[in-house]
Amino acid sequence: MFGADRDQLRRQFLAAWRKHRAAQPLEPLERMIAAVAAQHPEYHALLDRGEEILDKDYSPETGESNPFLHMGLHIAVLEQVGADRPSGVREIYRQAVRKIGDAHQAEHRMIDCLAENLWAAQRAGVAPDEQAYLRALRRLAGER
């Protein structure tokens, strides 16, 4: 999506948010970032702080969730749905939205499946299991 550098990723979020707030033209990826950020008012003050937050570490052990990771996972799910990759994820998304009744909440549930799959793969030192991910998404959407 953006590259592997944490500061570069965060700068892209900050720049997109700044341009959005200033009603400046946005590139397609910036529009996606701004749309995801707009759905998370709990992060607006943080994003408005600008580059002073670049070095902030977020520790689950202290109860902090990483807003950049959360928004990045939203974007990952939206990109998967847009590309229908893995194959079938677009229809699963539609089913999840119908079942849950809210696209944003469906994305949150899909993010949980994605994050679990990525965590398990990282922990085992293997590539993410696409089929396990799809199975989890199908359960979420109410498929068998």
# chains A, B, ... in the order shown; residues from 1 in each chain; ligands from 1

$ residues_around --residues "His20 of chain A" --least-positions-apart "3" --cutoff "9 Å" --atoms "only C-alpha atoms" --output "PyMOL selection string"
chain A and resi 15-17+23-26+30-31+34-35

$ write_last_selection --atoms "N, CA, C and O atoms" --output "mmCIF file, in the first residue's frame"
data_model
loop_
_atom_site.group_PDB
_atom_site.id
_atom_site.type_symbol
_atom_site.label_atom_id
_atom_site.label_comp_id
_atom_site.auth_asym_id
_atom_site.auth_seq_id
_atom_site.Cartn_x
_atom_site.Cartn_y
_atom_site.Cartn_z
ATOM 1 N N ALA A 15 -0.726 13.926 5.707
ATOM 2 C CA ALA A 15 -0.856 14.794 4.527
ATOM 3 C C ALA A 15 -2.261 14.691 3.936
ATOM 4 O O ALA A 15 -2.866 15.709 3.579
ATOM 5 N N ALA A 16 -2.771 13.482 3.824
ATOM 6 C CA ALA A 16 -4.124 13.309 3.278
ATOM 7 C C ALA A 16 -5.149 13.992 4.168
ATOM 8 O O ALA A 16 -6.078 14.653 3.674
ATOM 9 N N TRP A 17 -5.005 13.847 5.473
ATOM 10 C CA TRP A 17 -5.940 14.464 6.404
ATOM 11 C C TRP A 17 -5.847 15.987 6.323
ATOM 12 O O TRP A 17 -6.868 16.677 6.302
ATOM 13 N N ALA A 23 -9.761 21.249 2.247
ATOM 14 C CA ALA A 23 -10.569 21.108 1.028
ATOM 15 C C ALA A 23 -9.718 21.230 -0.239
ATOM 16 O O ALA A 23 -10.152 21.790 -1.236
ATOM 17 N N GLN A 24 -8.511 20.684 -0.167
ATOM 18 C CA GLN A 24 -7.626 20.660 -1.334
ATOM 19 C C GLN A 24 -7.887 19.386 -2.138
ATOM 20 O O GLN A 24 -8.372 18.388 -1.593
ATOM 21 N N PRO A 25 -7.537 19.407 -3.419
ATOM 22 C CA PRO A 25 -7.721 18.196 -4.234
ATOM 23 C C PRO A 25 -6.892 17.037 -3.683
ATOM 24 O O PRO A 25 -5.776 17.226 -3.197
ATOM 25 N N LEU A 26 -7.466 15.839 -3.754
ATOM 26 C CA LEU A 26 -6.820 14.640 -3.235
ATOM 27 C C LEU A 26 -6.604 13.635 -4.353
ATOM 28 O O LEU A 26 -7.459 13.478 -5.229
ATOM 29 N N GLU A 30 -5.231 9.227 -1.356
ATOM 30 C CA GLU A 30 -5.490 10.229 -0.321
ATOM 31 C C GLU A 30 -6.985 10.325 -0.013
ATOM 32 O O GLU A 30 -7.367 10.499 1.138
ATOM 33 N N ARG A 31 -7.827 10.196 -1.043
ATOM 34 C CA ARG A 31 -9.278 10.213 -0.821
ATOM 35 C C ARG A 31 -9.696 9.040 0.068
ATOM 36 O O ARG A 31 -10.533 9.185 0.960
ATOM 37 N N ALA A 34 -8.482 9.769 3.636
ATOM 38 C CA ALA A 34 -9.314 10.796 4.258
ATOM 39 C C ALA A 34 -10.700 10.260 4.603
ATOM 40 O O ALA A 34 -11.248 10.583 5.665
ATOM 41 N N ALA A 35 -11.258 9.426 3.740
ATOM 42 C CA ALA A 35 -12.581 8.857 4.009
ATOM 43 C C ALA A 35 -12.540 7.952 5.234
ATOM 44 O O ALA A 35 -13.436 7.995 6.081
#

$ atom_distance --atom1 "atom CA of Leu14 of chain A" --atom2 "atom CA of Gly50 of chain A"
6.2 Å

$ residues_around --residues "segment 99-107 of chain A" --least-positions-apart "6" --cutoff "10 Å" --atoms "only C-alpha atoms" --output "list of chain:residue names"
A:Val36, A:Gln39, A:His40, A:Leu73, A:His74, A:Ile75, A:Val77, A:Leu78, A:Tyr93, A:Cys113, A:Leu140, A:Ala141, A:Gly142

$ select_by_dssp --residues "segment 26-113 of chain A" --states "helix (DSSP H, G or I)" --output "PyMOL selection string"
chain A and resi 28-38+41-48+50-53+60-62+67-83+89-100+103-113

$ write_last_selection --atoms "C-alpha atoms" --output "mmCIF file, in the first residue's frame"
data_model
loop_
_atom_site.group_PDB
_atom_site.id
_atom_site.type_symbol
_atom_site.label_atom_id
_atom_site.label_comp_id
_atom_site.auth_asym_id
_atom_site.auth_seq_id
_atom_site.Cartn_x
_atom_site.Cartn_y
_atom_site.Cartn_z
ATOM 1 C CA PRO A 28 -7.231 8.537 -5.161
ATOM 2 C CA LEU A 29 -5.259 6.987 -2.292
ATOM 3 C CA GLU A 30 -5.490 10.229 -0.321
ATOM 4 C CA ARG A 31 -9.278 10.213 -0.821
ATOM 5 C CA MET A 32 -9.412 6.700 0.620
ATOM 6 C CA ILE A 33 -7.238 7.673 3.586
ATOM 7 C CA ALA A 34 -9.314 10.796 4.258
ATOM 8 C CA ALA A 35 -12.581 8.857 4.009
ATOM 9 C CA VAL A 36 -11.366 6.248 6.487
ATOM 10 C CA ALA A 37 -10.051 8.940 8.835
ATOM 11 C CA ALA A 38 -13.339 10.852 8.584
ATOM 12 C CA PRO A 41 -13.668 11.064 14.830
ATOM 13 C CA GLU A 42 -11.765 9.647 17.796
ATOM 14 C CA TYR A 43 -8.579 10.088 15.726
ATOM 15 C CA HIS A 44 -9.208 13.615 14.387
ATOM 16 C CA ALA A 45 -7.450 15.476 17.193
ATOM 17 C CA LEU A 46 -4.488 13.137 16.904
ATOM 18 C CA LEU A 47 -4.232 13.641 13.133
ATOM 19 C CA ASP A 48 -4.571 17.396 13.576
ATOM 20 C CA GLY A 50 0.684 16.693 12.714
ATOM 21 C CA GLU A 51 4.249 15.456 12.706
ATOM 22 C CA GLU A 52 4.672 15.571 16.466
ATOM 23 C CA ILE A 53 2.947 12.178 16.561
ATOM 24 C CA PRO A 60 -1.386 -3.025 23.450
ATOM 25 C CA GLU A 61 0.048 -3.918 26.862
ATOM 26 C CA THR A 62 -0.899 -0.437 28.080
ATOM 27 C CA PRO A 67 -4.807 4.415 15.052
ATOM 28 C CA PHE A 68 -2.553 4.139 12.000
ATOM 29 C CA LEU A 69 -2.697 0.356 12.090
ATOM 30 C CA HIS A 70 -6.468 0.446 12.519
ATOM 31 C CA MET A 71 -6.991 2.838 9.601
ATOM 32 C CA GLY A 72 -4.439 0.937 7.507
ATOM 33 C CA LEU A 73 -6.380 -2.286 8.062
ATOM 34 C CA HIS A 74 -9.552 -0.518 6.927
ATOM 35 C CA ILE A 75 -7.748 0.481 3.745
ATOM 36 C CA ALA A 76 -6.420 -3.044 3.270
ATOM 37 C CA VAL A 77 -9.938 -4.467 3.502
ATOM 38 C CA LEU A 78 -11.294 -1.822 1.123
ATOM 39 C CA GLU A 79 -8.512 -2.571 -1.358
ATOM 40 C CA GLN A 80 -9.241 -6.302 -1.094
ATOM 41 C CA VAL A 81 -12.925 -5.682 -1.749
ATOM 42 C CA GLY A 82 -12.168 -3.338 -4.658
ATOM 43 C CA ALA A 83 -9.873 -5.878 -6.301
ATOM 44 C CA VAL A 89 -14.018 -11.280 -0.723
ATOM 45 C CA ARG A 90 -16.201 -8.693 -2.505
ATOM 46 C CA GLU A 91 -19.311 -10.876 -2.259
ATOM 47 C CA ILE A 92 -18.468 -11.812 1.337
ATOM 48 C CA TYR A 93 -18.227 -8.089 2.123
ATOM 49 C CA ARG A 94 -21.648 -7.448 0.566
ATOM 50 C CA GLN A 95 -23.131 -10.293 2.599
ATOM 51 C CA ALA A 96 -21.489 -9.020 5.792
ATOM 52 C CA VAL A 97 -22.851 -5.521 5.191
ATOM 53 C CA ARG A 98 -26.355 -6.922 4.657
ATOM 54 C CA LYS A 99 -26.094 -9.099 7.770
ATOM 55 C CA ILE A 100 -24.597 -6.434 10.046
ATOM 56 C CA ALA A 103 -20.646 -1.016 6.123
ATOM 57 C CA HIS A 104 -18.257 0.511 8.639
ATOM 58 C CA GLN A 105 -19.102 -2.069 11.287
ATOM 59 C CA ALA A 106 -18.791 -4.850 8.714
ATOM 60 C CA GLU A 107 -15.314 -3.534 7.903
ATOM 61 C CA HIS A 108 -14.426 -3.601 11.595
ATOM 62 C CA ARG A 109 -15.461 -7.238 11.827
ATOM 63 C CA MET A 110 -13.486 -8.060 8.660
ATOM 64 C CA ILE A 111 -10.484 -6.216 10.096
ATOM 65 C CA ASP A 112 -10.631 -8.502 13.119
ATOM 66 C CA CYS A 113 -10.427 -11.531 10.792
#

$ atom_distance --atom1 "atom CA of Tyr133 of chain A" --atom2 "atom CA of Leu114 of chain A"
6.6 Å

$ atom_distance --atom1 "atom CA of Gly63 of chain A" --atom2 "atom CA of Glu116 of chain A"
17.7 Å
